Each structure stands twice: as structure tokens, then as C-alpha cells.
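J.: Here you go, this is work_19.txt (compact mmCIF, C-alpha atoms).
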# COMPACT_ATOMS: atom_id res chain seq x y z
CA MET A 1 -13.36 -13.54 44.02
CA ILE A 2 -12.38 -11.38 41.06
CA PRO A 3 -13.84 -8.16 42.53
CA PHE A 4 -11.41 -8.53 45.43
CA VAL A 5 -8.53 -9.16 43.05
CA LEU A 6 -9.47 -6.01 41.17
CA ALA A 7 -9.65 -3.97 44.35
CA GLY A 8 -6.27 -5.37 45.36
CA LEU A 9 -4.85 -4.51 41.95
CA ALA A 10 -6.21 -0.99 42.26
CA ALA A 11 -4.51 -0.61 45.63
CA LEU A 12 -1.28 -2.02 44.22
CA LEU A 13 -1.24 0.27 41.21
CA ALA A 14 -2.30 3.36 43.13
CA TRP A 15 -0.29 2.99 46.34
CA VAL A 16 2.59 0.55 45.89
CA ALA A 17 3.68 0.84 42.27
CA PRO A 18 4.29 4.63 42.25
CA GLY A 19 6.68 4.43 45.18
CA LEU A 20 8.64 1.61 43.55
CA MET A 21 8.64 3.22 40.13
CA ALA A 22 9.91 6.53 41.48
CA ARG A 23 13.04 4.75 42.64
CA ARG A 24 13.92 3.32 39.21
CA LYS A 25 15.84 6.38 38.15
CA GLY A 26 17.42 4.73 35.12
CA PHE A 27 14.16 5.18 33.25
CA ARG A 28 14.59 8.93 33.38
CA ARG A 29 16.89 8.60 30.39
CA ALA A 30 13.91 7.50 28.34
CA PRO A 31 11.38 10.10 29.52
CA ARG A 32 8.75 9.59 26.87
CA SER A 33 8.36 5.87 27.51
CA ALA A 34 8.59 6.44 31.26
CA LEU A 35 5.72 8.94 31.10
CA VAL A 36 3.63 6.46 29.13
CA ALA A 37 4.32 3.87 31.84
CA TRP A 38 3.27 6.29 34.57
CA GLN A 39 0.07 7.14 32.73
CA ALA A 40 -0.70 3.48 32.15
CA VAL A 41 -0.18 2.58 35.81
CA SER A 42 -2.44 5.44 36.94
CA LEU A 43 -5.07 4.60 34.36
CA GLY A 44 -4.84 0.92 35.25
CA GLY A 45 -5.37 1.74 38.92
CA VAL A 46 -8.46 3.78 38.13
CA LEU A 47 -9.83 1.10 35.78
CA ALA A 48 -9.27 -1.60 38.38
CA ALA A 49 -11.08 0.42 41.02
CA LEU A 50 -14.00 1.22 38.74
CA ALA A 51 -14.25 -2.36 37.49
CA ALA A 52 -14.75 -3.83 40.98
CA ALA A 53 -18.52 -3.28 40.94
CA PRO A 54 -19.20 -4.45 37.35
CA ALA A 55 -17.09 -7.54 38.10
CA ALA A 56 -19.38 -8.42 40.98
CA LEU A 57 -22.51 -8.17 38.84
CA PRO A 58 -22.33 -11.64 37.22
CA LEU A 59 -22.72 -13.18 40.68
CA LEU A 60 -25.94 -11.25 41.10
CA LEU A 61 -27.28 -12.39 37.75
CA ASP A 62 -26.30 -15.99 38.40
CA GLY A 63 -29.90 -16.94 39.06
CA GLU A 64 -29.23 -18.05 42.60
CA ASP A 65 -30.27 -16.09 45.65
CA PRO A 66 -28.49 -12.71 45.19
CA MET A 67 -28.63 -11.99 48.92
CA GLN A 68 -25.87 -14.51 49.61
CA HIS A 69 -23.50 -12.46 47.47
CA LEU A 70 -24.35 -9.19 49.17
CA GLY A 71 -21.28 -9.42 51.34
CA LEU A 72 -19.25 -9.29 48.15
CA LEU A 73 -21.37 -7.01 46.04
CA LEU A 74 -21.97 -4.21 48.52
CA PRO A 75 -18.35 -3.36 49.38
CA ALA A 76 -17.40 -3.61 45.70
CA VAL A 77 -20.13 -1.19 44.66
CA LEU A 78 -19.34 1.22 47.48
CA PHE A 79 -15.64 1.11 46.65
CA SER A 80 -16.25 1.92 42.99
CA ILE A 81 -18.67 4.72 43.81
CA ALA A 82 -16.27 6.22 46.33
CA ILE A 83 -13.50 6.26 43.72
CA VAL A 84 -15.74 7.89 41.12
CA VAL A 85 -16.85 10.57 43.56
CA ARG A 86 -13.33 11.38 44.72
CA LEU A 87 -12.06 11.57 41.15
CA LEU A 88 -14.84 13.84 39.95
CA TYR A 89 -14.45 16.08 42.98
CA ALA A 90 -10.68 16.37 42.56
CA ALA A 91 -10.95 16.88 38.79
CA HIS A 92 -13.47 19.65 39.24
CA HIS A 93 -11.54 21.57 41.86
CA VAL A 94 -8.09 21.16 40.35
CA GLY A 95 -9.38 21.99 36.89
CA ILE A 96 -11.26 25.11 37.92
CA ARG A 97 -8.42 26.52 39.97
CA LEU A 98 -5.71 25.86 37.39
CA ARG A 99 -7.71 27.47 34.61
CA ARG A 100 -8.56 30.52 36.66
CA VAL A 101 -4.96 31.07 37.76
CA ARG A 102 -3.81 30.76 34.17
CA ALA A 103 -6.49 33.02 32.73
CA ASP A 104 -5.86 35.74 35.33
CA HIS A 105 -2.15 35.59 34.75
CA ARG A 106 -2.49 35.56 30.98
CA GLN A 107 -4.74 38.61 30.99
CA LEU A 108 -2.30 40.47 33.20
CA VAL A 109 0.71 39.56 31.08
CA ASP A 110 -1.14 40.50 27.88
CA ILE A 111 -1.65 43.99 29.26
CA ILE A 112 1.72 44.81 30.78
CA ALA A 113 4.16 42.91 28.55
CA GLN A 114 5.46 43.61 25.07
CA HIS A 115 3.98 41.40 22.37
CA ASP A 116 6.02 39.41 19.89
CA GLU A 117 3.66 36.99 18.14
CA ARG A 118 2.83 34.41 20.80
CA MET A 119 5.66 35.55 23.04
CA ARG A 120 5.41 38.12 25.79
CA ILE A 121 8.39 40.09 27.03
CA LEU A 122 8.22 41.33 30.61
CA GLN A 123 10.44 44.35 31.29
CA HIS A 124 12.24 42.92 34.31
CA PRO A 125 15.93 42.21 34.93
CA THR A 126 15.52 38.79 36.55
CA PRO A 127 16.16 36.14 33.89
CA THR A 128 13.28 33.72 33.74
CA ALA A 129 11.18 31.99 31.12
CA TYR A 130 7.90 30.17 31.43
CA CYS A 131 4.81 29.32 29.47
CA ILE A 132 1.13 29.77 30.20
CA PRO A 133 -0.51 26.61 28.88
CA GLY A 134 -4.08 26.28 27.71
CA ARG A 135 -6.16 27.06 24.68
CA ARG A 136 -4.66 30.54 24.49
CA SER A 137 -1.10 29.76 25.32
CA ARG A 138 1.80 32.16 25.77
CA VAL A 139 5.55 31.93 26.13
CA VAL A 140 6.74 34.56 28.60
CA LEU A 141 10.32 35.80 28.69
CA THR A 142 11.84 38.58 30.73
CA GLN A 143 14.15 41.25 29.34
CA GLY A 144 16.62 39.74 31.80
CA VAL A 145 16.68 36.41 29.98
CA LEU A 146 16.98 38.13 26.59
CA ASP A 147 20.00 39.99 27.91
CA ALA A 148 21.57 37.02 29.67
CA LEU A 149 21.47 34.38 26.93
CA PRO A 150 23.11 34.28 23.49
CA PRO A 151 20.83 33.36 20.55
CA ASP A 152 21.39 29.60 20.54
CA GLN A 153 20.74 29.26 24.27
CA LEU A 154 17.66 31.47 24.03
CA ALA A 155 16.40 29.33 21.16
CA ALA A 156 16.88 26.27 23.38
CA VAL A 157 14.81 27.81 26.16
CA VAL A 158 12.02 28.81 23.77
CA ALA A 159 12.06 25.35 22.19
CA HIS A 160 11.72 23.82 25.67
CA GLU A 161 8.68 25.95 26.49
CA GLU A 162 7.08 25.35 23.09
CA ALA A 163 7.53 21.61 23.61
CA HIS A 164 5.46 21.90 26.80
CA LEU A 165 2.72 23.68 24.86
CA ARG A 166 2.79 21.44 21.80
CA GLY A 167 2.79 18.26 23.88
CA ARG A 168 0.02 19.59 26.16
CA HIS A 169 2.13 18.67 29.18
CA ASP A 170 -0.27 20.79 31.20
CA LEU A 171 -3.01 18.20 30.63
CA LEU A 172 -0.65 15.41 31.57
CA LEU A 173 0.34 17.13 34.80
CA GLU A 174 -3.28 17.94 35.51
CA PHE A 175 -4.17 14.24 35.12
CA PHE A 176 -1.54 13.23 37.65
CA THR A 177 -2.40 16.07 40.02
CA VAL A 178 -6.05 15.03 40.03
CA LEU A 179 -5.16 11.41 40.78
CA HIS A 180 -2.75 12.56 43.46
CA ARG A 181 -5.51 14.58 45.15
CA ALA A 182 -8.08 11.82 44.73
CA VAL A 183 -5.97 9.38 46.72
CA PRO A 184 -6.50 9.75 50.49
CA GLU A 185 -3.78 11.92 51.97
CA PRO A 186 -1.87 9.35 54.02
CA LEU A 187 -1.52 7.14 50.95
CA ARG A 188 -0.32 9.80 48.52
CA SER A 189 3.11 9.54 46.97
CA ALA A 190 4.79 12.92 46.68
CA ALA A 191 7.76 11.18 45.11
CA ALA A 192 5.56 9.98 42.26
CA LEU A 193 4.26 13.46 41.46
CA SER A 194 7.70 15.05 41.52
CA GLU A 195 9.08 12.20 39.39
CA VAL A 196 6.43 12.88 36.74
CA ARG A 197 7.24 16.60 36.80
CA LEU A 198 10.91 15.82 36.33
CA LEU A 199 10.17 13.53 33.38
CA VAL A 200 8.10 16.24 31.73
CA GLU A 201 11.00 18.68 32.07
CA ALA A 202 13.44 16.09 30.74
CA LEU A 203 11.18 15.52 27.75
CA ALA A 204 11.04 19.24 26.99
CA ASP A 205 14.82 19.41 27.36
CA ARG A 206 15.01 16.91 24.48
CA ALA A 207 13.31 19.48 22.22
CA ALA A 208 15.80 22.10 23.35
CA VAL A 209 18.67 19.78 22.47
CA ARG A 210 17.18 19.11 19.03
CA ARG A 211 17.03 22.85 18.42
CA SER A 212 20.38 24.02 19.75
CA GLY A 213 22.42 21.03 20.89
CA GLU A 214 23.41 19.78 24.33
CA VAL A 215 26.03 22.39 25.11
CA ALA A 216 23.71 25.36 24.54
CA THR A 217 20.92 23.71 26.52
CA ALA A 218 23.22 22.88 29.41
CA ARG A 219 24.67 26.39 29.46
CA ALA A 220 21.19 27.90 29.46
CA LEU A 221 20.29 25.71 32.41
CA LEU A 222 23.40 26.81 34.28
CA THR A 223 22.82 30.51 33.60
CA LEU A 224 19.22 30.35 34.78
CA ALA A 225 20.15 28.15 37.75
CA GLY A 226 22.49 30.81 39.01
CA SER A 227 20.04 33.65 38.53
CA ARG A 228 17.89 33.09 41.56
CA THR A 229 17.58 30.83 44.55
CA PRO A 230 14.36 28.90 45.10
CA GLU A 231 12.08 29.31 48.12
CA ALA A 232 13.86 28.35 51.29
CA ALA A 233 10.65 26.77 52.56
CA LEU A 234 10.85 24.06 49.93
CA GLY A 235 13.70 22.29 51.63
CA VAL A 236 14.09 19.79 48.82
CA GLY A 237 16.48 20.06 45.90
CA THR A 238 15.45 21.41 42.55
CA THR A 239 15.39 19.54 39.26
CA ALA A 240 18.40 21.39 37.83
CA PRO A 241 21.21 18.98 38.78
CA VAL A 242 19.24 15.93 37.64
CA ARG A 243 18.42 17.50 34.29
CA LEU A 244 22.06 18.41 33.70
CA ARG A 245 23.04 14.86 34.65
CA LEU A 246 20.58 13.47 32.15
CA LEU A 247 22.05 15.66 29.43
CA ALA A 248 25.54 14.51 30.38
CA ASP A 249 24.56 10.83 30.51
CA GLY A 250 23.20 10.81 26.99
CA PRO A 251 20.78 8.38 25.32
CA PRO A 252 19.48 5.32 27.18
CA HIS A 253 20.12 1.65 26.55
CA PRO A 254 17.60 0.65 23.85
CA VAL A 255 16.05 -1.98 26.11
CA LEU A 256 14.77 0.61 28.60
CA PRO A 257 11.94 2.00 26.45
CA VAL A 258 10.94 -1.55 25.51
CA ILE A 259 10.64 -2.49 29.19
CA ALA A 260 8.72 0.68 29.97
CA TYR A 261 6.23 0.24 27.12
CA SER A 262 5.69 -3.45 27.91
CA TYR A 263 5.05 -2.61 31.54
CA ALA A 264 2.62 0.09 30.43
CA VAL A 265 0.62 -2.32 28.26
CA LEU A 266 0.46 -4.81 31.14
CA ALA A 267 -0.69 -2.26 33.71
CA ALA A 268 -3.40 -0.84 31.47
CA THR A 269 -4.82 -4.12 30.17
CA LEU A 270 -4.70 -6.30 33.29
CA PRO A 271 -7.87 -4.78 34.84
CA LEU A 272 -9.75 -5.26 31.58
CA VAL A 273 -8.62 -8.86 31.30
CA LEU A 274 -9.79 -9.53 34.86
CA LEU A 275 -13.14 -7.90 34.13
CA ALA A 276 -13.56 -10.05 31.03
CA MET A 277 -12.78 -13.14 33.11
CA ALA A 278 -15.45 -12.18 35.64
CA TRP A 279 -18.04 -12.06 32.91
CA ARG A 280 -17.16 -15.34 31.22
CA MET B 1 -22.03 35.79 18.86
CA PRO B 2 -21.59 39.53 18.18
CA HIS B 3 -18.34 40.38 16.47
CA SER B 4 -17.71 43.81 17.92
CA THR B 5 -16.85 43.06 21.53
CA SER B 6 -15.68 39.42 21.62
CA ALA B 7 -13.41 38.66 24.57
CA PRO B 8 -10.06 38.63 22.73
CA ARG B 9 -10.73 42.08 21.27
CA LEU B 10 -11.56 43.48 24.70
CA GLY B 11 -8.28 42.12 26.04
CA ASP B 12 -6.43 43.87 23.27
CA LEU B 13 -8.30 47.10 24.04
CA GLU B 14 -7.42 46.81 27.73
CA ARG B 15 -3.78 46.93 26.78
CA VAL B 16 -4.20 49.96 24.52
CA VAL B 17 -6.29 51.85 27.09
CA MET B 18 -3.71 51.05 29.77
CA GLU B 19 -0.96 52.42 27.56
CA HIS B 20 -2.98 55.58 26.93
CA LEU B 21 -3.39 56.05 30.67
CA TRP B 22 0.32 55.51 31.31
CA GLU B 23 1.19 58.03 28.59
CA ALA B 24 -1.26 60.56 29.95
CA SER B 25 0.02 60.06 33.47
CA THR B 26 3.66 60.46 32.38
CA ALA B 27 2.84 63.54 30.30
CA GLY B 28 0.84 65.09 33.12
CA GLY B 29 3.55 64.39 35.66
CA VAL B 30 2.90 65.06 39.33
CA SER B 31 -0.14 67.18 38.54
CA PHE B 32 -1.89 64.43 36.60
CA GLY B 33 -5.46 64.53 37.79
CA GLY B 34 -6.69 61.39 36.14
CA ALA B 35 -8.49 60.91 32.86
CA THR B 36 -12.22 60.74 32.23
CA VAL B 37 -13.79 58.21 29.90
CA ARG B 38 -14.31 61.06 27.45
CA GLU B 39 -10.62 61.99 27.54
CA VAL B 40 -9.48 58.40 27.02
CA HIS B 41 -11.99 57.97 24.20
CA ASP B 42 -10.69 61.13 22.51
CA ARG B 43 -7.16 59.72 22.45
CA PHE B 44 -8.44 57.07 20.05
CA GLU B 45 -9.41 59.78 17.56
CA GLY B 46 -8.12 58.76 14.17
CA GLU B 47 -6.55 55.61 15.58
CA ARG B 48 -9.53 53.28 15.45
CA GLU B 49 -13.30 53.24 15.54
CA ILE B 50 -14.31 52.62 19.11
CA ALA B 51 -17.53 53.34 20.95
CA TYR B 52 -17.64 55.53 24.05
CA THR B 53 -19.45 52.75 25.92
CA THR B 54 -16.72 50.31 24.98
CA VAL B 55 -14.08 52.55 26.57
CA MET B 56 -16.28 52.75 29.65
CA THR B 57 -16.55 48.95 29.78
CA VAL B 58 -12.81 48.52 29.37
CA LEU B 59 -11.99 51.00 32.14
CA ASP B 60 -14.50 49.26 34.36
CA ARG B 61 -12.84 45.89 33.72
CA LEU B 62 -9.41 47.35 34.41
CA ALA B 63 -10.71 48.79 37.69
CA LYS B 64 -12.02 45.37 38.70
CA LYS B 65 -8.59 43.90 37.99
CA ALA B 66 -7.01 46.60 40.20
CA LEU B 67 -4.99 47.90 37.28
CA VAL B 68 -6.61 51.31 37.45
CA THR B 69 -8.07 53.29 40.33
CA ARG B 70 -10.78 55.91 40.07
CA GLU B 71 -12.11 58.95 41.90
CA ARG B 72 -15.41 60.69 41.55
CA ASP B 73 -15.24 64.19 40.14
CA GLY B 74 -18.74 65.59 40.21
CA ARG B 75 -20.73 63.35 37.90
CA ALA B 76 -17.76 61.78 36.13
CA TRP B 77 -15.11 59.29 37.18
CA ARG B 78 -11.45 60.14 36.78
CA TYR B 79 -9.17 57.14 36.14
CA PHE B 80 -5.55 56.66 37.21
CA PRO B 81 -3.16 53.81 36.49
CA ALA B 82 -2.84 51.83 39.74
CA ASP B 83 0.91 51.80 39.30
CA THR B 84 3.65 52.26 36.73
CA ARG B 85 4.28 49.50 34.22
CA GLU B 86 7.58 48.72 36.00
CA ALA B 87 5.90 48.35 39.38
CA LEU B 88 3.13 46.16 37.92
CA THR B 89 5.73 44.02 36.18
CA ALA B 90 7.66 43.63 39.42
CA ARG B 91 4.46 42.64 41.19
CA THR B 92 3.63 40.11 38.47
CA MET B 93 7.10 38.63 38.69
CA LEU B 94 6.75 38.20 42.43
CA ARG B 95 3.45 36.51 41.87
CA THR B 96 4.81 34.07 39.33
CA LEU B 97 7.95 33.27 41.26
CA ASP B 98 7.19 33.50 44.93
CA ASP B 99 3.70 34.47 46.04
CA MET B 100 1.61 31.77 44.46
CA ASP B 101 1.11 28.60 46.40
CA VAL B 102 3.92 26.32 45.23
CA THR B 103 1.71 23.49 43.97
CA ASP B 104 -0.54 25.94 42.12
CA ARG B 105 2.33 27.79 40.52
CA ARG B 106 4.14 24.68 39.39
CA ALA B 107 1.01 23.27 37.86
CA ALA B 108 -0.33 26.50 36.40
CA LEU B 109 2.81 27.87 34.75
CA LEU B 110 5.61 25.73 33.45
CA HIS B 111 8.91 27.45 34.23
CA PHE B 112 12.10 26.60 32.41
CA LEU B 113 13.86 26.32 35.71
CA ASP B 114 12.92 26.96 39.31
CA GLY B 115 16.41 28.04 40.22
CA ALA B 116 18.99 26.04 42.12
CA THR B 117 20.57 26.05 45.54
CA THR B 118 24.23 27.04 45.82
CA ASP B 119 25.13 23.45 46.72
CA GLU B 120 23.59 22.25 43.49
CA LEU B 121 25.52 24.73 41.37
CA ALA B 122 28.72 22.72 41.80
CA ASP B 123 26.98 19.56 40.51
CA ILE B 124 25.57 21.51 37.60
CA LYS B 125 28.93 22.97 36.63
CA SER B 126 30.66 19.61 36.63
CA ALA B 127 27.94 18.10 34.45
CA LEU B 128 28.28 21.01 32.05
CA ALA B 129 32.05 20.50 31.89
CA GLN B 130 31.44 16.88 30.95
CA ILE B 131 29.03 17.87 28.18
CA GLU B 132 31.41 20.48 26.79
CA ALA B 133 34.31 18.06 26.88
CA ARG B 134 32.34 15.47 24.97
CA ALA B 135 31.22 18.01 22.39
CA GLY B 136 34.77 19.29 22.03
CA SER B 137 36.17 15.82 21.46
CA ASP B 138 33.62 14.96 18.76
CA SER B 139 35.14 15.05 15.30
CA GLY B 140 33.82 17.91 13.22
CA SER B 141 32.77 21.39 14.24
CA THR B 142 32.01 22.29 17.82
CA VAL B 143 29.54 24.96 16.82
CA SER B 144 26.11 24.07 18.11
CA THR B 145 23.50 23.85 15.42
CA VAL B 146 20.67 26.31 15.40
CA SER B 147 17.77 25.32 13.24
CA THR B 148 16.65 27.90 10.71
CA GLY B 149 13.13 27.78 12.08
CA SER B 150 14.17 29.61 15.26
CA THR B 151 11.27 31.68 16.50
CA VAL B 152 13.43 34.37 18.04
CA SER B 153 15.54 35.85 15.29
CA THR B 154 18.55 37.90 16.29
CA ALA B 155 17.13 40.88 14.46
CA ARG B 156 13.94 40.75 16.42
CA ARG B 157 15.83 40.37 19.68
CA THR B 158 17.90 43.45 18.94
CA MET B 159 14.72 45.31 18.12
CA ILE B 160 13.20 44.25 21.41
CA ARG B 161 16.29 45.27 23.35
CA ARG B 162 16.40 48.74 21.85
CA ARG B 163 12.90 49.67 22.98
Could you write out this file's structure as C-alpha cells?
T.:
Amino acid sequence: MIPFVLAGLAALLAWVAPGLMARRKGFRRAPRSALVAWQAVSLGGVLAALAAAPAALPLLLDGEDPMQHLGLLLPAVLFSIAIVVRLLYAAHHVGIRLRRVRADHRQLVDIIAQHDERMRILQHPTPTAYCIPGRRSRVVLTQGVLDALPPDQLAAVVAHEEAHLRGRHDLLLEFFTVLHRAVPEPLRSAAALSEVRLLVEALADRAAVRRSGEVATARALLTLAGSRTPEAALGVGTTAPVRLRLLADGPPHPVLPVIAYSYAVLAATLPLVLLAMAWR
Amino acid sequence: MPHSTSAPRLGDLERVVMEHLWEASTAGGVSFGGATVREVHDRFEGEREIAYTTVMTVLDRLAKKALVTRERDGRAWRYFPADTREALTARTMLRTLDDMDVTDRRAALLHFLDGATTDELADIKSALAQIEARAGSDSGSTVSTVSTGSTVSTARRTMIRRR
């Protein structure tokens, strides 16, 4: 019985919860707790899927004829194995490609850009700023952004990028990308992945605000928003208006993080509780 | 692990060799006929201790990355920068902003902002106005605080701009 509950829970956490969570936009005002909730739900889904087979084992060891439980055991084992294989496959491919793209780009930037400690300045008029995450991280600015922004706004942008590096947001995004790819395509939630990306940006914006205040951060966002238009092929909006809105809306109601963290604890521990019950 | 040619040092050397090639190419002008390994190695005279074979390795790596091209001249190779620094920078910018597959780029590099559509600019401006109004109505100074630990000092920025 419990193996089926676990498989159902896995399906719920992997396919239903993300869609529902992506719609609860109020939690964007507490990005850190929201990200913890997203991680917990994803982790809980994986744990539930992996626990289906071990949960079926006690029936086998019951002493009775194990063959009568085959109808339960076999699908559970196959399900768990399939999940493991898909995860490992996705993790391998996503990981390899990301690291190669970053390494190639970093080597190129190291050669053609000016060095300023960990920062690299590209001699180009288009204002943009980004970071290359990883063990050998870089913050890359263009001459265009140095020219376009006054010191406090520039400091905000640099603080934002450094927050990404310090918080290893690249690993967080990689975790979600791997899970996204591991889920069969018709069941993926693009809304979930873009929601997580938005939360990561909102979190880094917090660091910018701590460094230079809301006005400077908002002005920097506006200046860079006007500097170039995104790919027409995208068709969807960018994160800029939402991030400005979040800055304008200010801090969240204190109950929001509490709800998010409680939900996170529930999502992560429920599969383990069920597994423990199966073995009692 | 040997100390002399560890990967980070080679990367640093690639940059220096590239700069030597750009300088030589600019100095030579239209008639620049490329530089041999020997000629590049000689430019390091007095600057730092570097083996001839190391220069050869670095130029080989740069050729593999399509940053330099080479032509045979008898028994030696003559090396040319594949393009000016400006052109390479422009190409890199295109790659980071437009060429890369969108999912790869967004995951690989974390941009401050992807840009905004013209429709969105109106939303953004009104949100900014709200933020400025709130900051202006707060009692006390309206000057935004800049922490003293700022990594980009104004002096350094001016220095960067002047180059």
C-alpha cells in the first residue's frame, strides 16, 4: 500500500505542486524562504520516488510467499530505477555542458578583457553585466556599463552579481535544471523553472539594495532595461518589471516566510515518514 | 603536479602572448607578415623567464581556440591574431547575448538583466517613480548609502575609463 502512496506523492510533488506553487506570486516577496520551499518540494519528490522500492521490501521479507507481492514489488522497483537513471543521465549531461560553456567563455574573457582583481572589463559600448559562476568565478562588466552608471548604481550591480557567486546560485539553478530535464517532457513545468530563476534574481537584488539602497538598484535596472531589447523569439516577458515591482512593494508580511518554511519541512520529511511507516 | 606550467599560469600567458601579437600586428601595420615563435619569445626578453617550448605550446593553444591563425613559412610557422581585440570582443558579446542557446546561456552565465521590451519599460518607470517617491518622503537624507566596502572604487573606475 505504502509504495503506491509514495509513488503518488512523488507524482504530486513533481508534477502538480510546481504548477500550483508558481501561481502563488505573493511568496516572491520572501525569495529566500520561497527558494527553500522549492528545493524541499523537488527533493521531496525525488525522495518519494526513490523510496518506493525500499518501501516495498518489508512485504518481501514478511516470511510469506514473496511471489504474491510481485505485482506490487516489481512496478515499485522499476519506477525507482527509472527515476535514478533519468536523474543521473540528466545530471551528467547538464553538468558537463554547463561547465564546458563556462570554462570556454571564461578563458576567452580572461584573454581579451582588462583585468581588475576578479572583475573583467570588456571594451564594448553595450551596457551589460554578468558573472561566470564556478570554482574560478568572474564578474564581467562592459565599458558601456561603466560609462552608463554612476558609482552607487554600479556598486549595486556588482553586489548583485557577487551575491550570485557567493550564494552559489549556479548550483541551485543546476539542481532545478537537472530535475526539469529528468521529468518526461509532457509533464515538465516551464513556469516552475522560470519562477525559480526569478526568485534567484530577486534574492540577488536584495544584496544590491543592502549595498546601495532601493533607488540606486531600481535606477540601475531601468538603465540596463533600456539598453537592449531581448530576443524576439522569446515571446514571453522578461523579469525586469516583476523585479522592479518587488522593489516597490517592499518587505513581505512576516507570516509568509513562516508558511514557506513550514511547507518546506513538510514536503521534505513526508516521504521519509512514509518510508519509516512501511518498515515498522 | 609540476609548478612551471599549471593551467592558470598558461591562461595568463595566453593573454600576454595575445597582447604581444596585437602589438606586433599594429606596429607592423598592413605589411605585418606574422610572427614566428622565436620572434614572440624574444619579446619576452627581460620581461620574464619563459621557455621557447612554452611559447610554442601557448601559440598552439591559441590556434586551437581560433584566436590566432598561422601560415607555413618554409620550416617555421608565422602567427597572426585572428582578429583585432575590438572584433573579438564584439564576437564574444554576441555570443553571450544572442548566439548561445537561450537555456544554456541563462544557466551558464547569470546576467544582471536580460533587457526589457518597450511595453515593459512603462511598467518599470512607474515602479521606479514609486520607489523614488517613497525614498523622498522618508525623513532624513535621501542620499542612498554606499557601503565603504565597495569593490569598484571611483578612482579605479576613472583609471579604467582613461585607458
J.: For B:Phe44, find every residue with an atom within 12 Å (counting all atoms listed in the file), except residues of its own chain fewer than 5 positions away, and show them as a PyMOL selection string.
T.: chain B and resi 13+16-17+19-21+37-39+49-52+54-55
J.: Identify which of the residues A:Ala14, A:Val46, A:Ile111, A:Ala192 lies closest to B:Met18, counting all atoms listed in the file when measuring atom-to-atom distances.
T.: A:Ile111
J.: What is the atom CA of B:Phe32 to atom CA of B:Glu47 distance in Å?
T.: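 Here the two named atoms are 23.3 Å from each other.
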J.: Return the single residue from A:Ser189, A:Thr269, A:Thr223, A:Gln39 that is closest to chain B, with distances computed using all atoms listed in the file.
T.: A:Thr223
J.: Have a look at A:Ala190, A:Val77, A:Leu108, A:Ala267 and name the one nearest to B:Leu62; count only C-alpha atoms.
T.: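 Once distances to B:Leu62 are computed over only C-alpha atoms, the minimum belongs to A:Leu108.
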J.: Figure out the distance between atom CA of A:Val209 and atom CA of B:Leu113, please, to one decimal in Å.
T.: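 Taking atom CA of B:Leu113 as the start and atom CA of A:Val209 as the end point, the length is 15.5 Å.
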J.: Using all atoms listed in the file, determine which residues lie at most 12 Å from B:Glu132, disregarding the query and same-chain residues fewer than 2 positions distant; provide the list as a list in words.
T.: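 So the residues in contact are Gly213, Glu214, Val215, Ala216, Thr217, Ala218, Arg219, Leu244, Leu247 and Ala248 of chain A; Lys125, Ser126, Ala127, Leu128, Ala129, Gln130, Arg134, Ala135, Gly136, Ser137, Asp138, Thr142, Val143 and Ser144 of chain B.
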